[in-house]
Amino acid sequence: MNYNDSQIQAIEHFEGPCLVLAGAGSGKTRVIIGRIERLVSYHRIDPENILAVTFTNKAAEEMRDRLSKSISAHKDITCSTFHALGVRLIRENLDELGYTKGFSIYGSPEQHAAIRKAMHNLNIADDMFDPKLISYKISYFKNRFTSLSAVTAIDPVTSVAKRIMPEYDRILKANNALDFDDLLLKMLELFANKKILEKYQDQFRFILIDEFQDTNPVQNRIVLTLGSKYCNVFVVGDDDQSIYGFRGADFRNILDFEKHWESCRTIVLDVNYRSTRTILKAASAVINNNTERKLKDVRTLLDSHIPIEYFTAVNDRHEADLISEKIKDSGSKFSDFAVLLRTNYLSRTIEESFRANRVPYKIVGDYKFYERKEIRDILAYMSIIVNPSDEVAALRIINTPKRGIGEDTVFKISNYTEQKKITFFNALQDFRHIDTISSSKHHNIAEFLTLVTDLIDISGSHNITETAAKIVERTAYYDHLKKENDKGAESRKANVEELLTSVKEYDDQTKNATLKGFLEKVSLIQDGDDTERGEQVIVLTVHSSKGLEFENVFIAGFEEGIFPHKRSLDEDHVDEERRLCYVAITRAKRRLFISSCSARIKYGEESKSKPSRFLSEIPDELFLYPPSQASAKAADSAKSKIREMMERLRNKYKDEK
């Protein structure tokens with residue numbers, strides 16, 4: 001395999017810390033694979049001593065697949081996301097952490113339910129504070145490894161989140177559950193035990209981290225701690241592509257890497273293999289306006305000059321129609337195009353135009369499959385089988401399908417749970433001793449307990465494919481869908497059937513497959529894991545496009561207040577928006593289209609818009625028409641279309657007359 005000089009330097013680096021600054025499209029994944037291959041084949045490092053960490057399950061799976069072609073013992077190499085690594089270490093040290101085998105991992109819906117319960121326990125009305133916002137704040141505290149005593153409550157939401165977080169964590173522990181952020185924090189808790197830390201330090205003597213610019217303070221601390229014994233920490237990333245600050249990522253982790261590791265070697269991958277010279281120049285012109293960054297002089301081997309096309313539309317509908325028109329007139333395959341948006345709401349008019357113009361498309365990052373109600377219901381049944389202590393799962397399914405156990409009864413059981421300091425499931429089993437529950441409800445509760453007990457028994461004697469099918473059958477879930485939602489019943493049923501297919505695929509592909517393993521797999525699914533294209537235009541946010549590349553890219557809504565986002569302007573986060581713009585531009589391989597509107601419909605009213613400040617940072621000579629000419633051209637085109645429409649209406653009126 002051919003490598004350039006800087007790639008060879010990175011691959012041949014052996015011991016000691018190394019920072020690889022990888023410009024967009026510079027082949028960083030090839031370098032990571034090449035280095036692992038060299039460690040095993042040339043330096044004779046035991047594959048079990050190698051840990052490779054990336055940020056999406058899809059990237060980890062691709063890494064494993066590529067290594068399988070060159071390393072016979074590839075299965076002994078740990079290729080993982082940070083969160084999947086956390087699950088593994090927690091599973092291996094349950095007694096140390098005080099959890100039991102079937103622990104649950106809460107996604108957003110379950111977290112919000114646990115927060116609502118915490119608010120109820122603390123007499124905080126959930127109509128005063130949105131549980132989703134409280135969840136975001138708690139995640140913010142956890143991702144920054146922030147002690148609550150150090151948090152200054154400068155606003156009511158922060159103050160309430162500080163108060164709720166200890167009760168929320170108590171509820172999770174009582175439910176034998178962890179949230180996504182806990183998967184990282186519990187690793188650090190384990191590493192506080194010197195014996196456990198040394199065990200994993202000796203196991204993972206060589207650590208490779210991809211996309212290091214996306215690490216948060218907790219992940220950075222994990223790397224610092226785990227790698228401190230042997231110092232063979234090899235990180236690859238690009239500070240110019242750090243775009244997840246809203247999730248807690250801190251680009252300073254990569255900027256400060258050399259300060260944390262003595263004798264650190266720094267290598268720059270400075271050849272872009274993806275984009276044309278025009279696209280690279282445009283991206284560089286934008287990002288060079290950020291001052292807090294590592295300087296990189298990235299060049300490209302693709303010297304062709306295909307100008308950027310910029311156009312201004314009259315409004316958002318006109319913009320969407322122009323995009324449809326350009327795609328259909330291009331003569332290229334639909335799968336060669338992607339439309340990148342700063343925010344999801346911009347997709348509505350794009351979708352409407354694509355449907356009207358018969359442009360096949362796929363929205364990536366749309367309402368996630370595993371977050372649909374019917375899917376969460378079946379997953380909750382699976383969770384209660386694996387972890388009967390999971391109160392959130394029990395509350396979700398206790399009356400789904402309806403079985404006459406209403407909110408009042410559930411409230412009484414929950415109160416009993418708190419009084420006796422027992423799990424919700426144990427309280428259910430003790431229902432005859434709860435004086436406040438009417439005896440008329442006893443039969444319904446007993447039936448539910450029998451159902452759950454039977455499903456637990458079934459799971460012990462059947463494989464997971466059969467168990468999942470039995471859940472749907474024994475709960476009469478399809479009948480429930482028909483009663484609940486006549487119009488959407490068939491599509492919801494299809495979704496459940498797709499879930500059963502997913503379970504079977506996991507069962508077929510996994511040795512000794514378990515429901516617990518399947519639930520862990522589902523809980524670790526992240527943005528970027530669902531990017532299959534097919535013969536259709538991909539529509540996605542810029543954040544979701546990270547790590548992807550497309551022949552032709554449209555960046556729509558390139559306006560002040562949209563890109564850069566108004567919130568970033570209010571909070572002085574323009575630098576991260578500029579990095580986001582850099583990512584958007586460098587997704588394009590050959591052609592780049594940028595569009596904005598003169599006016600946009602907001603809240604039912606048309607308001608004036610002005611082009612993004614980033615547009616003026618791109619040199620005029622890179623455009624087919626400089627932005628000023630493009631605006632005038634678009635205005636003339638719009639006027640011409642209006643005249644044509646008026647002429648058609650006049651002719652129609654004459655004909656009718």
# chains A, B, ... in the order shown; residues from 1 in each chain; ligands from 1

call {"tool": "select_by_dssp", "arguments": {"residues": "stretch 18-234 of chain A", "states": "strand (DSSP E or B)", "output": "number ranges by chain"}}
result
A: 18-22, 50-54, 78-81, 104-106, 177-179, 206-209, 233-234

call {"tool": "write_last_selection", "arguments": {"atoms": "C-alpha atoms", "output": "JSON list (two decimals), in the first residue's frame"}}
result
[["chain", "number", "residue", "atom", "x", "y", "z"],
["A", 18, "CYS", "CA", 2.50, 10.91, 19.42],
["A", 19, "LEU", "CA", 0.10, 13.57, 18.15],
["A", 20, "VAL", "CA", -0.96, 13.23, 14.52],
["A", 21, "LEU", "CA", -2.64, 16.36, 13.19],
["A", 22, "ALA", "CA", -4.69, 15.08, 10.28],
["A", 50, "ILE", "CA", -3.69, -2.84, 21.59],
["A", 51, "LEU", "CA", -6.67, -0.57, 22.22],
["A", 52, "ALA", "CA", -8.08, 1.47, 19.31],
["A", 53, "VAL", "CA", -10.83, 3.94, 20.18],
["A", 54, "THR", "CA", -13.05, 5.82, 17.76],
["A", 78, "THR", "CA", -9.95, -4.03, 21.13],
["A", 79, "CYS", "CA", -11.58, -1.68, 18.59],
["A", 80, "SER", "CA", -14.24, 0.24, 20.43],
["A", 81, "THR", "CA", -15.95, 3.51, 21.16],
["A", 104, "SER", "CA", -29.72, -1.14, 32.20],
["A", 105, "ILE", "CA", -28.29, 1.64, 30.07],
["A", 106, "TYR", "CA", -30.71, 4.55, 29.84],
["A", 177, "ALA", "CA", -29.14, 1.52, 35.70],
["A", 178, "LEU", "CA", -26.56, 3.87, 34.20],
["A", 179, "ASP", "CA", -26.95, 6.74, 31.79],
["A", 206, "PHE", "CA", -0.59, 0.67, 23.13],
["A", 207, "ILE", "CA", -3.50, 3.10, 22.87],
["A", 208, "LEU", "CA", -4.70, 4.70, 19.63],
["A", 209, "ILE", "CA", -7.45, 7.35, 19.68],
["A", 233, "VAL", "CA", -0.59, 7.06, 23.46],
["A", 234, "PHE", "CA", -1.09, 7.77, 19.76]]

call {"tool": "residues_around", "arguments": {"residues": "A:Tyr478", "least_positions_apart": "6", "cutoff": "10 Å", "atoms": "only C-alpha atoms", "output": "list in words"}}
result
Glu374, Pro401, Val472, Glu484, Ala489, Glu490, Arg492, Lys493, Ala494 and Val496 of chain A

call {"tool": "residues_around", "arguments": {"residues": "stretch 585-587 of chain A", "least_positions_apart": "3", "cutoff": "8 Å", "atoms": "only C-alpha atoms", "output": "ChimeraX atom specification"}}
result
/A:24-25,275,279-280,282-283,545-550,553,555,581-582,592

call {"tool": "atom_distance", "arguments": {"atom1": "atom CA of A:Ile384", "atom2": "atom CA of A:Lys117"}}
result
18.1 Å

call {"tool": "closest_residue", "arguments": {"among": "A:Ile287, A:Leu185, A:Ile267, A:Val359", "to": "A:Ile11", "atoms": "only C-alpha atoms"}}
result
A:Ile267

call {"tool": "closest_residue", "arguments": {"among": "A:Asp250, A:Asp65, A:Asp270, A:Glu497", "to": "A:Arg144", "atoms": "only C-alpha atoms"}}
result
A:Asp250

call {"tool": "select_by_dssp", "arguments": {"residues": "stretch 415-606 of chain A", "states": "helix (DSSP H, G or I)", "output": "MDAnalysis selection string"}}
result
chainID A and resid 415:420 424:429 431:433 439:461 464:474 477:484 489:509 515:523 542:545 566:570 574:585

call {"tool": "residues_around", "arguments": {"residues": "A:Pro166", "least_positions_apart": "4", "cutoff": "10 Å", "atoms": "only C-alpha atoms", "output": "count of residues only"}}
result
8

call {"tool": "closest_residue", "arguments": {"among": "A:Val236, A:Phe431, A:Lys566, A:Thr225", "to": "A:Ile32", "atoms": "only C-alpha atoms"}}
result
A:Val236

call {"tool": "closest_residue", "arguments": {"among": "A:Leu183, A:Arg163, A:Ala394, A:Tyr244", "to": "A:Leu89", "atoms": "only C-alpha atoms"}}
result
A:Leu183
